[in-house]
Amino acid sequence: MMEVRKWGNRPYHSLDYECKRRFGEKVYKISLAGGTTCPNRDGTLDNRGCIFCSGSGSGDFASPAYGSVTEQINREIKRLQSQKHTGQKFIAYFQSFTATYAPAAHLKTLWEEAMTHPDVVMLSIATRPDCLSEEVLDLLAKCRQQIPVTVELGLQTIHPKTVSYIRRAYPNDVYNTAVERLKSIGIEVVTHVIAGLPGETKKDFLTTVEYVASKKSDGIKLQLLHVLKGTDLATDFAEHRFDVLTLEQYLDYVTSALSILPPDMVIHRVTGDGPKDILIAPAWSRNKRHVLNSLHRKMREENIWQGMFCQL
């Protein structure tokens, strides 16, 4: 019988487990706004953004942009502590829009301020793989000498028809090159993929997941497709051009994905948080705890573990 690894109380290698292993305690992620925009919004590539992206550039849970980076961090720490979170270590996560899409001098100021905060133990940057200039890569390499650094790349899918539909605006080769270049300078790579994209099947989704694993991404975010108010995706949904996944379908997608991912790949997310005030669908995703509990229960009942392929 094959021996399986156990990652704390979860059947997969979660970010929570990895942080406890690395830093000796629970670490909380603080989402920050760096004042950047996106080439898909400023007219360089498009002015509409990706079809699913809200007006905040996927930074709906980032700290309000007013104030310095230090003020944002302190405000978020205070908020977390008011919710009875007891962690003393934090990840500074520049989440909004494309967090490398600015002059390197500006980014240096932001990132250095975050890294020098006494409670920050890791720097995390969310960006597009086509927004990693030589100057930005050089800056990331220097940051890596001071503190662990992860860069999150928004791949979402590898299928050309869907890439065009969601207005991603770069070919897969750009992602491949970005992963290689980041890993060559010691940066940990996390890749975003979306389950339930219009026109895609479970097989399409799993093909994307397998592709990410083949490119040696260090981590992955498995994101449920959310339909948010004010997006072009919401218009298509209102016109009945596609259906969102049911909870049962999503659990099936995710368990299958986890079973084929390498055991050492860190799972940064297995669902997602659509802001309740702008979430249109799926309604079941509002209850994140229920989704996670359902996923963990399904995996244990069906003896599904990360890195152990099971035919579902």
# chains A, B, ... in the order shown; residues from 1 in each chain; ligands from 1

$ select_by_dssp --residues "segment 38-224 of chain A" --states "helix (DSSP H, G or I)" --output "PyMOL selection string"
chain A and resi 69-82+104-115+134-144+160-166+172-184+202-214

$ residues_around --residues "Leu45 of chain A" --least-positions-apart "6" --cutoff "9 Å" --atoms "only C-alpha atoms" --output "PyMOL selection string"
chain A and resi 38-39+169

$ write_last_selection --atoms "N, CA, C and O atoms" --output "PDB file, in the first residue's frame"
ATOM      1  N   CYS A  38      -2.368  48.508 -14.681  1.00  0.00           N
ATOM      2  CA  CYS A  38      -2.193  47.284 -15.461  1.00  0.00           C
ATOM      3  C   CYS A  38      -2.147  47.634 -16.943  1.00  0.00           C
ATOM      4  O   CYS A  38      -2.896  48.520 -17.393  1.00  0.00           O
ATOM      5  N   PRO A  39      -1.299  46.978 -17.727  1.00  0.00           N
ATOM      6  CA  PRO A  39      -1.254  47.261 -19.171  1.00  0.00           C
ATOM      7  C   PRO A  39      -2.539  46.871 -19.888  1.00  0.00           C
ATOM      8  O   PRO A  39      -2.773  47.286 -21.019  1.00  0.00           O
ATOM      9  N   ALA A 169      -4.152  38.465 -23.003  1.00  0.00           N
ATOM     10  CA  ALA A 169      -3.276  39.312 -23.835  1.00  0.00           C
ATOM     11  C   ALA A 169      -1.792  38.966 -23.796  1.00  0.00           C
ATOM     12  O   ALA A 169      -0.943  39.833 -23.988  1.00  0.00           O
TER      13      ALA A 169
END

$ residues_around --residues "Gln306 of chain A" --least-positions-apart "4" --cutoff "7 Å" --atoms "only C-alpha atoms" --output "list in words"
Pro11, Tyr12, Leu258, Ser259, Ile260, Leu261, Pro262 and Pro263 of chain A

$ write_last_selection --atoms "C-alpha atoms" --output "compact mmCIF listing (two decimals), in the first residue's frame"
# COMPACT_ATOMS: atom_id res chain seq x y z
CA PRO A 11 -4.69 16.15 2.76
CA TYR A 12 -2.59 18.56 0.74
CA LEU A 258 -4.79 17.99 -6.14
CA SER A 259 -4.40 14.28 -6.83
CA ILE A 260 -2.16 14.98 -9.84
CA LEU A 261 -0.07 17.81 -8.39
CA PRO A 262 3.43 17.04 -7.03
CA PRO A 263 3.52 16.45 -3.26

$ closest_residue --among "A:Ile30, A:Ala283, A:Val120, A:Ile187" --to "Leu80 of chain A" --atoms "only C-alpha atoms"
A:Ile30

$ residues_around --residues "Asn172 of chain A" --least-positions-apart "3" --cutoff "9 Å" --atoms "only C-alpha atoms" --output "PyMOL selection string"
chain A and resi 155+157-160+175-177

$ closest_residue --among "A:Val291, A:Leu206, A:Cys143, A:Leu32" --to "Thr246 of chain A" --atoms "only C-alpha atoms"
A:Val291

$ closest_residue --among "A:Thr44, A:Ser124, A:Ser256, A:Ser14" --to "Glu210 of chain A" --atoms "only C-alpha atoms"
A:Ser256

$ decode --residues "segment 171-211 of chain A" --atoms "C-alpha atoms" --output "mmCIF file, in the first residue's frame"
data_model
loop_
_atom_site.group_PDB
_atom_site.id
_atom_site.type_symbol
_atom_site.label_atom_id
_atom_site.label_comp_id
_atom_site.auth_asym_id
_atom_site.auth_seq_id
_atom_site.Cartn_x
_atom_site.Cartn_y
_atom_site.Cartn_z
ATOM 1 C CA PRO A 171 0.883 33.783 -25.130
ATOM 2 C CA ASN A 172 1.833 30.824 -22.945
ATOM 3 C CA ASP A 173 5.508 31.159 -23.875
ATOM 4 C CA VAL A 174 5.656 34.430 -21.958
ATOM 5 C CA TYR A 175 4.572 32.581 -18.815
ATOM 6 C CA ASN A 176 7.154 29.849 -19.434
ATOM 7 C CA THR A 177 9.970 32.387 -19.743
ATOM 8 C CA ALA A 178 8.831 34.271 -16.639
ATOM 9 C CA VAL A 179 8.893 31.094 -14.524
ATOM 10 C CA GLU A 180 12.380 30.202 -15.738
ATOM 11 C CA ARG A 181 13.770 33.679 -15.117
ATOM 12 C CA LEU A 182 12.234 34.038 -11.671
ATOM 13 C CA LYS A 183 13.427 30.638 -10.501
ATOM 14 C CA SER A 184 16.927 31.358 -11.845
ATOM 15 C CA ILE A 185 17.245 34.247 -9.357
ATOM 16 C CA GLY A 186 15.823 32.314 -6.413
ATOM 17 C CA ILE A 187 12.273 33.647 -6.493
ATOM 18 C CA GLU A 188 9.465 31.248 -5.587
ATOM 19 C CA VAL A 189 6.726 31.151 -8.234
ATOM 20 C CA VAL A 190 3.015 30.762 -7.529
ATOM 21 C CA THR A 191 0.640 30.309 -10.476
ATOM 22 C CA HIS A 192 -3.035 31.258 -10.594
ATOM 23 C CA VAL A 193 -5.454 29.020 -12.505
ATOM 24 C CA ILE A 194 -9.246 29.320 -12.710
ATOM 25 C CA ALA A 195 -11.743 26.468 -12.651
ATOM 26 C CA GLY A 196 -15.027 26.910 -14.474
ATOM 27 C CA LEU A 197 -13.972 29.335 -17.190
ATOM 28 C CA PRO A 198 -16.670 29.675 -19.863
ATOM 29 C CA GLY A 199 -16.394 27.003 -22.528
ATOM 30 C CA GLU A 200 -13.883 24.898 -20.604
ATOM 31 C CA THR A 201 -14.416 21.351 -19.372
ATOM 32 C CA LYS A 202 -12.929 19.592 -16.375
ATOM 33 C CA LYS A 203 -10.386 18.033 -18.738
ATOM 34 C CA ASP A 204 -9.388 21.490 -19.976
ATOM 35 C CA PHE A 205 -8.887 22.672 -16.413
ATOM 36 C CA LEU A 206 -6.785 19.637 -15.485
ATOM 37 C CA THR A 207 -4.665 20.097 -18.601
ATOM 38 C CA THR A 208 -3.831 23.600 -17.394
ATOM 39 C CA VAL A 209 -3.010 22.264 -13.919
ATOM 40 C CA GLU A 210 -0.716 19.607 -15.390
ATOM 41 C CA TYR A 211 0.983 22.267 -17.511
#
